[in-house]
$ cat query-v9.tsv   # TSV, C-alpha atoms
chain	number	residue	atom	x	y	z
A	119	MET	CA	-20.22	-11.82	25.26
A	120	GLU	CA	-19.91	-11.59	21.46
A	121	GLU	CA	-19.38	-7.82	21.63
A	122	ALA	CA	-16.49	-8.40	24.02
A	123	ILE	CA	-14.87	-10.76	21.49
A	124	TYR	CA	-14.91	-8.11	18.77
A	125	LYS	CA	-13.73	-5.39	21.15
A	126	LYS	CA	-10.73	-7.55	21.96
A	127	LEU	CA	-10.09	-8.06	18.24
A	128	ALA	CA	-10.35	-4.30	17.61
A	129	GLU	CA	-7.81	-3.60	20.37
A	130	TYR	CA	-5.51	-6.26	18.92
A	131	LEU	CA	-5.70	-4.78	15.40
A	132	ASP	CA	-5.06	-1.33	16.84
A	133	GLY	CA	-1.69	-2.60	18.03
A	134	LEU	CA	-0.64	-3.61	14.50
A	135	PRO	CA	0.92	-1.15	12.01
A	136	ASN	CA	-1.37	1.79	11.17
A	137	GLY	CA	-3.70	0.67	13.95
A	138	PHE	CA	-7.47	0.25	13.91
A	139	SER	CA	-9.15	3.23	15.54
A	140	SER	CA	-12.18	2.69	17.71
A	141	SER	CA	-15.49	4.44	17.13
A	142	ASP	CA	-18.13	5.75	19.54
A	143	THR	CA	-20.73	4.64	17.00
A	144	THR	CA	-19.46	1.01	17.12
A	145	ALA	CA	-18.77	1.25	13.37
A	146	ASP	CA	-15.50	-0.55	14.08
A	147	LEU	CA	-17.26	-3.54	15.66
A	148	ARG	CA	-19.88	-3.74	12.93
A	149	LEU	CA	-17.15	-3.87	10.29
A	150	LEU	CA	-15.25	-6.59	12.13
A	151	GLN	CA	-18.43	-8.63	12.56
A	152	ARG	CA	-18.93	-8.54	8.81
A	153	LEU	CA	-15.39	-9.78	8.17
A	154	PHE	CA	-14.73	-12.21	11.04
A	155	SER	CA	-16.90	-14.92	12.52
A	156	SER	CA	-16.78	-14.98	16.31
A	157	GLU	CA	-14.60	-18.13	16.17
A	158	GLU	CA	-12.18	-16.42	13.78
A	159	ALA	CA	-12.07	-13.32	15.97
A	160	VAL	CA	-11.13	-15.43	18.99
A	161	LEU	CA	-8.26	-17.08	17.11
A	162	ALA	CA	-7.02	-13.98	15.24
A	163	VAL	CA	-5.70	-12.28	18.39
A	164	HIS	CA	-3.25	-15.15	18.92
A	165	LEU	CA	-1.36	-14.52	15.66
A	166	THR	CA	1.69	-12.29	15.52
A	167	LEU	CA	3.76	-10.52	12.89
A	168	ASP	CA	6.08	-13.53	13.00
A	169	ARG	CA	5.35	-16.36	10.57
A	170	GLU	CA	4.44	-19.40	12.65
A	171	GLU	CA	3.21	-22.97	12.27
A	172	ALA	CA	-0.32	-23.84	13.28
A	173	GLN	CA	0.93	-25.89	16.21
A	174	VAL	CA	2.49	-22.83	17.84
A	175	ILE	CA	-0.68	-20.78	17.38
A	176	ALA	CA	-2.91	-23.63	18.61
A	177	GLU	CA	-0.91	-23.94	21.82
A	178	ARG	CA	-1.07	-20.19	22.41
A	179	ALA	CA	-4.84	-20.14	21.77
A	180	LYS	CA	-5.40	-23.39	23.75
A	181	LEU	CA	-7.30	-24.93	20.85
A	182	PRO	CA	-7.07	-28.39	19.22
A	183	LEU	CA	-4.60	-28.45	16.34
A	184	ASN	CA	-7.06	-29.74	13.71
A	185	GLU	CA	-9.60	-27.07	14.59
A	186	THR	CA	-6.90	-24.39	14.52
A	187	VAL	CA	-5.67	-25.45	11.08
A	188	GLN	CA	-9.20	-25.37	9.66
A	189	ARG	CA	-9.86	-21.91	11.05
A	190	LEU	CA	-6.49	-20.54	9.92
A	191	ASN	CA	-6.92	-21.84	6.38
A	192	LYS	CA	-10.39	-20.33	6.13
A	193	MET	CA	-9.16	-17.02	7.53
A	194	SER	CA	-6.34	-17.02	4.98
A	195	SER	CA	-8.75	-17.67	2.12
A	196	LYS	CA	-10.95	-14.81	3.39
A	197	GLY	CA	-7.99	-12.42	3.43
A	198	LEU	CA	-7.98	-11.96	7.20
A	199	ILE	CA	-4.43	-13.24	7.70
A	200	PHE	CA	-1.43	-14.04	5.52
A	201	SER	CA	-0.12	-17.55	4.88
A	202	ILE	CA	2.87	-19.10	3.14
A	203	GLN	CA	3.02	-22.63	1.80
A	204	GLN	CA	6.60	-23.86	2.11
A	205	GLU	CA	8.42	-26.30	-0.13
A	206	ASP	CA	7.93	-29.12	2.39
A	207	SER	CA	4.13	-28.56	2.13
A	208	SER	CA	3.93	-27.05	5.62
A	209	THR	CA	2.15	-23.72	6.07
A	210	LEU	CA	3.14	-20.66	8.06
A	211	TYR	CA	0.59	-18.10	9.23
A	212	GLN	CA	1.04	-14.42	9.98
A	213	ALA	CA	-1.06	-11.54	11.23
A	214	VAL	CA	-1.46	-8.54	8.94
A	215	PRO	CA	-2.56	-4.95	9.68
A	216	PHE	CA	-5.98	-3.77	8.67
A	217	VAL	CA	-4.21	-1.45	6.19
A	218	ILE	CA	-2.03	-2.54	4.36
A	219	GLY	CA	-3.36	-6.06	4.62
A	220	ILE	CA	-6.91	-7.10	5.47
A	221	TYR	CA	-8.53	-4.26	3.53
A	222	GLU	CA	-6.52	-4.84	0.36
A	223	PHE	CA	-7.03	-8.62	0.62
A	224	GLN	CA	-10.82	-8.11	0.32
A	225	ILE	CA	-10.60	-7.38	-3.42
A	226	ASN	CA	-12.78	-10.37	-4.29
A	227	ASN	CA	-15.17	-9.87	-1.38
A	228	LEU	CA	-16.32	-6.35	-2.17
A	229	SER	CA	-20.07	-5.91	-1.91
A	230	LYS	CA	-22.31	-2.91	-1.39
A	231	GLY	CA	-22.70	-3.94	2.24
A	232	LEU	CA	-18.95	-4.17	2.87
A	233	ILE	CA	-18.28	-0.90	1.05
A	234	ARG	CA	-21.01	0.78	3.11
A	235	ASP	CA	-19.58	-0.52	6.40
A	236	LEU	CA	-16.06	0.49	5.36
A	237	ALA	CA	-17.19	4.01	4.43
A	238	TYR	CA	-19.12	4.34	7.69
A	239	TYR	CA	-16.06	3.22	9.64
A	240	TRP	CA	-13.66	5.61	7.84
A	241	ARG	CA	-16.00	8.50	8.66
A	242	ALA	CA	-16.84	7.52	12.24
A	243	ARG	CA	-13.49	6.32	13.58
A	244	ASP	CA	-11.89	8.35	16.33
A	245	GLU	CA	-9.08	10.71	15.39
A	246	LYS	CA	-5.74	9.57	16.78
A	247	GLU	CA	-2.58	11.55	17.34
A	248	ASP	CA	-0.05	10.82	14.60
A	249	ILE	CA	2.84	8.65	15.73
A	250	GLU	CA	6.23	9.53	14.29
A	251	THR	CA	7.36	6.35	12.58
A	252	ILE	CA	8.16	5.05	9.11
A	253	PRO	CA	5.39	4.59	6.51
A	254	GLN	CA	4.31	1.28	5.00
A	255	ILE	CA	4.82	2.47	1.43
A	256	ARG	CA	7.11	4.87	-0.40
A	257	THR	CA	7.14	6.63	-3.77
A	258	ILE	CA	9.72	5.82	-6.43
A	259	PRO	CA	10.21	7.50	-9.81
A	260	ILE	CA	9.26	5.88	-13.07
A	261	GLY	CA	12.34	4.59	-14.86
A	262	GLU	CA	12.19	7.01	-17.75
A	263	SER	CA	12.56	10.00	-15.41
A	264	ILE	CA	15.95	9.00	-14.02
A	265	ASN	CA	18.89	10.87	-15.52
A	266	PRO	CA	21.93	8.61	-16.12
A	267	HIS	CA	24.03	10.97	-14.02
A	268	LEU	CA	21.65	10.83	-11.04
A	269	GLU	CA	22.80	8.66	-8.13
A	270	VAL	CA	20.07	6.05	-7.67
A	271	PHE	CA	20.13	2.94	-5.49
A	272	LEU	CA	18.76	-0.37	-6.74
A	273	TYR	CA	15.74	-0.23	-4.42
A	274	GLU	CA	14.83	3.15	-5.95
A	275	GLN	CA	14.70	1.82	-9.54
A	276	VAL	CA	11.53	0.03	-10.55
A	277	ASN	CA	13.18	-2.01	-13.31
A	278	GLU	CA	15.85	-3.28	-10.92
A	279	LEU	CA	13.22	-4.17	-8.34
A	280	VAL	CA	11.34	-6.23	-10.92
A	281	LYS	CA	14.53	-7.95	-12.08
A	282	SER	CA	15.23	-9.08	-8.51
A	283	LYS	CA	11.92	-11.00	-8.29
A	284	ASP	CA	11.13	-14.61	-9.18
A	285	ARG	CA	7.33	-14.76	-9.14
A	286	PHE	CA	4.78	-12.16	-10.21
A	287	ALA	CA	1.05	-11.57	-9.99
A	288	VAL	CA	-1.26	-8.70	-10.79
A	289	ALA	CA	-4.46	-7.86	-8.95
A	290	PRO	CA	-7.20	-5.26	-9.36
A	291	CYS	CA	-6.76	-2.03	-7.44
A	292	ILE	CA	-9.28	-2.17	-4.59
A	293	CYS	CA	-9.41	1.64	-4.44
A	294	ARG	CA	-10.44	2.05	-8.08
A	295	ARG	CA	-12.82	-0.91	-7.92
A	296	THR	CA	-14.51	0.53	-4.83
A	297	ALA	CA	-14.80	3.94	-6.48
A	298	LYS	CA	-16.41	2.45	-9.59
A	299	MET	CA	-18.84	0.35	-7.55
A	300	THR	CA	-20.02	3.52	-5.83
A	301	GLY	CA	-20.48	5.50	-9.04
A	302	GLY	CA	-17.13	7.25	-9.19
A	303	GLY	CA	-13.65	6.23	-10.22
A	304	CYS	CA	-11.46	7.13	-13.16
A	305	ASP	CA	-10.32	5.67	-16.47
A	306	ALA	CA	-7.00	4.36	-15.16
A	307	PRO	CA	-6.44	0.59	-15.57
A	308	GLU	CA	-8.04	-1.32	-12.69
A	309	GLU	CA	-5.76	-4.34	-12.93
A	310	SER	CA	-2.55	-2.67	-11.83
A	311	CYS	CA	-1.48	-3.87	-8.36
A	312	LEU	CA	1.75	-5.83	-8.75
A	313	VAL	CA	2.69	-8.40	-6.09
A	314	PHE	CA	5.84	-10.48	-5.87
A	315	ASP	CA	7.20	-13.79	-4.63
A	316	GLU	CA	5.39	-14.98	-1.45
A	317	TRP	CA	2.73	-12.29	-1.79
A	318	ALA	CA	2.22	-13.34	-5.40
A	319	ASP	CA	1.79	-16.96	-4.31
A	320	TYR	CA	-0.80	-15.87	-1.75
A	321	TYR	CA	-2.76	-13.78	-4.25
A	322	ILE	CA	-2.72	-16.49	-6.91
A	323	ARG	CA	-3.63	-19.31	-4.51
A	324	ASP	CA	-6.93	-17.73	-3.48
A	325	GLY	CA	-7.77	-16.06	-6.78
A	326	ARG	CA	-7.12	-12.47	-5.75
A	327	GLY	CA	-4.76	-12.00	-8.68
A	328	ARG	CA	-3.43	-13.81	-11.69
A	329	SER	CA	0.05	-15.11	-12.38
A	330	ILE	CA	2.05	-13.10	-14.91
A	331	ASP	CA	5.60	-13.15	-16.22
A	332	GLN	CA	8.22	-10.44	-16.05
A	333	SER	CA	7.45	-9.12	-19.53
A	334	GLU	CA	3.82	-8.46	-18.57
A	335	VAL	CA	4.98	-6.63	-15.45
A	336	TYR	CA	6.81	-4.19	-17.69
A	337	GLU	CA	3.72	-3.85	-19.91
A	338	ILE	CA	1.61	-2.99	-16.86
A	339	LEU	CA	4.17	-0.44	-15.73
A	340	ALA	CA	4.14	1.12	-19.19
A	341	ARG	CA	0.33	1.38	-19.07
A	342	ALA	CA	0.58	2.90	-15.60
A	343	ASN	CA	3.00	5.53	-16.88
A	344	LYS	CA	0.67	6.38	-19.76
A	345	ALA	CA	-2.23	6.71	-17.30
A	346	ASN	CA	-0.27	9.08	-14.99
A	347	LEU	CA	-0.13	6.57	-12.13
A	348	VAL	CA	2.36	6.97	-9.27
A	349	LEU	CA	4.50	3.97	-8.34
A	350	GLN	CA	4.26	3.12	-4.65
A	351	PRO	CA	6.09	-0.03	-3.50
A	352	SER	CA	6.15	-1.34	0.04
A	353	ASN	CA	8.64	0.61	2.12
A	354	SER	CA	11.35	-2.04	1.96
A	355	MET	CA	14.46	-2.69	-0.10
A	356	ASP	CA	12.93	-6.03	-1.06
A	357	PRO	CA	9.34	-4.94	-1.81
A	358	SER	CA	6.35	-7.27	-1.58
A	359	PHE	CA	4.26	-5.15	-3.95
A	360	ILE	CA	4.13	-2.09	-6.14
A	361	CYS	CA	0.87	-0.15	-6.28
A	362	CYS	CA	0.15	2.03	-9.31
A	363	CYS	CA	-1.89	4.83	-7.79
A	364	CYS	CA	-4.08	7.74	-8.87
A	365	GLY	CA	-4.82	10.77	-6.75
A	366	CYS	CA	-8.56	10.50	-7.23
A	367	CYS	CA	-9.18	6.95	-5.94
A	368	CYS	CA	-6.17	5.90	-3.84
A	369	GLY	CA	-6.67	6.58	-0.14
A	370	ILE	CA	-2.97	7.00	0.62
A	371	LEU	CA	-2.19	9.15	-2.41
A	372	GLY	CA	-5.39	11.10	-1.81
A	373	GLY	CA	-4.23	11.81	1.72
A	374	LEU	CA	-0.94	13.13	0.36
A	375	LYS	CA	-2.81	15.24	-2.19
A	376	ASN	CA	-4.91	16.86	0.54
A	377	HIS	CA	-1.85	17.69	2.65
A	378	PRO	CA	-0.64	21.31	2.28
A	379	LYS	CA	2.96	20.12	1.85
A	380	PRO	CA	3.02	16.54	0.50
A	381	SER	CA	6.81	16.65	0.10
A	382	GLU	CA	7.23	16.77	3.87
A	383	VAL	CA	5.23	13.61	4.62
A	384	VAL	CA	5.91	11.39	1.62
A	385	ALA	CA	8.57	8.69	1.75
A	386	SER	CA	10.54	9.58	-1.36
A	387	SER	CA	14.20	10.14	-2.18
A	388	PHE	CA	13.70	12.72	-4.94
A	389	PHE	CA	11.95	15.89	-5.98
A	390	ALA	CA	11.60	17.68	-9.29
A	391	VAL	CA	13.33	20.91	-10.26
A	392	LEU	CA	12.29	23.28	-13.03
A	393	ASP	CA	14.53	25.28	-15.36
A	394	SER	CA	12.14	28.10	-16.24
A	395	ASP	CA	14.29	29.25	-19.14
A	396	LEU	CA	13.68	25.92	-20.90
A	397	CYS	CA	9.94	25.73	-20.21
A	398	ILE	CA	7.84	26.15	-23.38
A	399	GLY	CA	4.44	26.26	-21.68
A	400	CYS	CA	3.04	23.02	-23.09
A	401	TRP	CA	1.21	22.26	-19.79
A	402	VAL	CA	1.86	18.50	-20.04
A	403	CYS	CA	3.34	18.45	-16.53
A	404	MET	CA	0.14	19.95	-15.17
A	405	GLU	CA	-1.86	17.09	-16.63
A	406	ARG	CA	0.59	14.48	-15.37
A	407	CYS	CA	1.07	15.68	-11.79
A	408	GLN	CA	-1.16	13.95	-9.21
A	409	MET	CA	-0.23	16.48	-6.51
A	410	GLN	CA	-1.15	19.67	-8.41
A	411	ALA	CA	2.38	20.95	-7.91
A	412	TYR	CA	2.33	23.00	-11.13
A	413	THR	CA	0.62	26.33	-11.77
A	414	GLU	CA	0.04	27.87	-15.17
A	415	GLU	CA	1.76	31.21	-15.71
A	416	ILE	CA	1.57	33.39	-18.84
A	417	ASP	CA	3.87	31.34	-21.07
A	418	ARG	CA	5.31	28.74	-18.70
A	419	VAL	CA	4.61	26.86	-15.50
A	420	SER	CA	5.79	27.40	-11.95
A	421	LEU	CA	6.62	24.49	-9.65
A	422	ASN	CA	5.72	24.33	-5.97
A	423	THR	CA	8.32	21.89	-4.65
A	424	ASN	CA	6.42	21.62	-1.37
A	425	ARG	CA	3.87	19.59	-3.30
A	426	CYS	CA	6.31	17.38	-5.23
A	427	ILE	CA	6.57	13.70	-4.20
A	428	GLY	CA	9.33	12.75	-6.65
A	429	CYS	CA	7.31	10.36	-8.81
A	430	GLY	CA	8.94	11.58	-12.03
A	431	LEU	CA	5.73	11.58	-14.09
A	432	CYS	CA	6.34	15.16	-15.17
A	433	VAL	CA	10.03	14.64	-15.96
A	434	SER	CA	9.58	11.73	-18.36
A	435	THR	CA	7.24	13.68	-20.68
A	436	CYS	CA	8.74	17.16	-20.58
A	437	PRO	CA	9.49	17.85	-24.28
A	438	SER	CA	11.96	20.66	-23.63
A	439	GLY	CA	14.01	19.04	-20.88
A	440	ALA	CA	13.02	21.76	-18.42
A	441	LEU	CA	12.34	19.26	-15.65
A	442	SER	CA	14.66	16.87	-13.85
A	443	LEU	CA	14.85	14.92	-10.62
A	444	VAL	CA	17.33	15.65	-7.84
A	445	ARG	CA	18.03	13.74	-4.65
A	446	LYS	CA	16.68	14.99	-1.33
A	447	ASP	CA	18.93	15.95	1.53
A	448	ASP	CA	19.83	12.76	3.44
A	449	ARG	CA	18.28	14.24	6.57
A	450	LYS	CA	14.88	14.16	4.86
A	451	LYS	CA	15.12	10.54	3.72
A	452	THR	CA	12.89	7.89	5.23
A	453	GLU	CA	14.36	4.72	6.70
A	454	ILE	CA	13.92	1.81	4.29
A	455	PRO	CA	14.03	-1.58	6.05
A	456	ALA	CA	15.13	-4.76	4.30
A	457	THR	CA	11.72	-6.46	4.05
A	458	MET	CA	8.04	-5.67	4.52
A	459	ASP	CA	8.02	-7.81	7.68
A	460	ASP	CA	10.84	-5.64	9.07
A	461	THR	CA	8.83	-2.52	8.24
A	462	TRP	CA	5.80	-3.86	10.09
A	463	ARG	CA	7.87	-4.77	13.14
A	464	ILE	CA	9.48	-1.32	13.31
A	465	ILE	CA	6.11	0.44	13.07
A	466	SER	CA	4.52	-1.89	15.62
A	467	HIS	CA	7.43	-1.42	18.02
A	468	THR	CA	7.18	2.37	17.69
A	469	GLN	CA	3.44	2.30	18.36
A	470	THR	CA	3.91	0.10	21.43
A	471	LYS	CA	6.51	2.46	22.90
A	472	THR	CA	4.24	5.45	22.30
A	473	LEU	CA	1.21	3.99	24.07
$ encode --input "query-v9.tsv" --output "structure tokens"
Amino acid sequence: MEEAIYKKLAEYLDGLPNGFSSSDTTADLRLLQRLFSSEEAVLAVHLTLDREEAQVIAERAKLPLNETVQRLNKMSSKGLIFSIQQEDSSTLYQAVPFVIGIYEFQINNLSKGLIRDLAYYWRARDEKEDIETIPQIRTIPIGESINPHLEVFLYEQVNELVKSKDRFAVAPCICRRTAKMTGGGCDAPEESCLVFDEWADYYIRDGRGRSIDQSEVYEILARANKANLVLQPSNSMDPSFICCCCGCCCGILGGLKNHPKPSEVVASSFFAVLDSDLCIGCWVCMERCQMQAYTEEIDRVSLNTNRCIGCGLCVSTCPSGALSLVRKDDRKKTEIPATMDDTWRIISHTQTKTL
């Protein structure tokens, strides 16, 4: 009976953005059993990507309201769902994908047992055919890499994105923390995941992150630039977060790095171009690039644009001005919805049509 509950939860999560692949080894069920109690698993499948009051969810689940509220609040504090406390003190609850969502929300719950079960699941999950849809995150250039003459929209400029926000929080990067807990990792700053507005409230409320002001956001972005970290906000014009990612620890950036042509699968509006005549062979771009797009020649570098994701890390530190960013052909641009919720709905709708 209990196994059936978790199978139903696994099927439900598989219908959310990015899915939740099954596993012949039952690694998927073991992971869910670690995260969800059986009572929480029963209730979780009645949430949707719409933000709803507990009363609506209770009626759908055929559970008493008081019991539903208690379970929802505990699930929110455990990072299994998302919740918003409104100005009138009422609370709205929302389902979230396993990635980006439940996994990232476990930053304070990491243990050797959870990391082991996660690793076992990543290895053992069934391979699924890729569905052609929009991604959950995109890559934007660091501000210093943008030429004043380059046409750039507000949602492509990190400083403008920050200016548009009211509330800020910073949280540790779960990818780098996991890597360090398993004996790996890098020297990049761990506290570097920026979350905004309602997501910031959620992170602060349950201690996943700490409240910061706008000036500290810019300080964190400056440290990220110095540490060669790629800026990856949610794929929305009004982003909920900006991740500062390294190619060695980040699962998403690592996946791009392992692709033969990252430029073809990344959601980015730009790519770098090299003026070989201006290159002085300082090799700084080779150190900065997370995608290994540069190759050392005799006295200069060569650039493989198939590997460029348009992050601008190489452009901002090129001492000779040999590198610059240019805009991609509009046909290669990824759709950028208004909000993260819109992004999730589009992906979920695409997955449903494909099944």
$ residues_near_point --input "query-v9.tsv" --point "(4.7, -7.9, -14.1)" --cutoff "7 Å" --atoms "all atoms listed in the file" --output "ChimeraX atom specification"
/A:286-288,312,330-336,338
$ residues_around --input "query-v9.tsv" --residues "A:Ser386" --least-positions-apart "2" --cutoff "10 Å" --atoms "all atoms listed in the file" --output "list of chain:residue names"
A:Ile255, A:Arg256, A:Thr257, A:Ile258, A:Pro259, A:Glu274, A:Gln350, A:Asn353, A:Ser381, A:Glu382, A:Val383, A:Val384, A:Phe388, A:Phe389, A:Cys426, A:Ile427, A:Gly428, A:Cys429, A:Arg445, A:Lys446, A:Lys450, A:Lys451, A:Thr452
$ write_last_selection --input "query-v9.tsv" --atoms "C-alpha atoms" --output "short mmCIF file (atom, residue, chain, number, x, y, z; two decimals), in the coordinates of the input"
data_model
loop_
_atom_site.label_atom_id
_atom_site.label_comp_id
_atom_site.auth_asym_id
_atom_site.auth_seq_id
_atom_site.Cartn_x
_atom_site.Cartn_y
_atom_site.Cartn_z
CA ILE A 255 4.82 2.47 1.43
CA ARG A 256 7.11 4.87 -0.40
CA THR A 257 7.14 6.63 -3.77
CA ILE A 258 9.72 5.82 -6.43
CA PRO A 259 10.21 7.50 -9.81
CA GLU A 274 14.83 3.15 -5.95
CA GLN A 350 4.26 3.12 -4.65
CA ASN A 353 8.64 0.61 2.12
CA SER A 381 6.81 16.65 0.10
CA GLU A 382 7.23 16.77 3.87
CA VAL A 383 5.23 13.61 4.62
CA VAL A 384 5.91 11.39 1.62
CA PHE A 388 13.70 12.72 -4.94
CA PHE A 389 11.95 15.89 -5.98
CA CYS A 426 6.31 17.38 -5.23
CA ILE A 427 6.57 13.70 -4.20
CA GLY A 428 9.33 12.75 -6.65
CA CYS A 429 7.31 10.36 -8.81
CA ARG A 445 18.03 13.74 -4.65
CA LYS A 446 16.68 14.99 -1.33
CA LYS A 450 14.88 14.16 4.86
CA LYS A 451 15.12 10.54 3.72
CA THR A 452 12.89 7.89 5.23
#
$ closest_residue --input "query-v9.tsv" --among "A:Pro135, A:Glu120, A:Val280, A:Cys407" --to "A:Pro253" --atoms "all atoms listed in the file"
A:Pro135
$ closest_residue --input "query-v9.tsv" --among "A:Ser141, A:Asp448, A:Leu443, A:Glu205" --to "A:Lys246" --atoms "only C-alpha atoms"
A:Ser141
$ atom_distance --input "query-v9.tsv" --atom1 "atom CA of A:Ser329" --atom2 "atom CA of A:Ser352"
19.5 Å
$ residues_around --input "query-v9.tsv" --residues "A:Asn136" --least-positions-apart "2" --cutoff "12 Å" --atoms "all atoms listed in the file" --output "PyMOL selection string"
chain A and resi 130-134+138-139+214-220+246-255+370+461-470
$ closest_residue --input "query-v9.tsv" --among "A:Cys397, A:Met404, A:Val276, A:Leu268" --to "A:Phe359" --atoms "only C-alpha atoms"
A:Val276
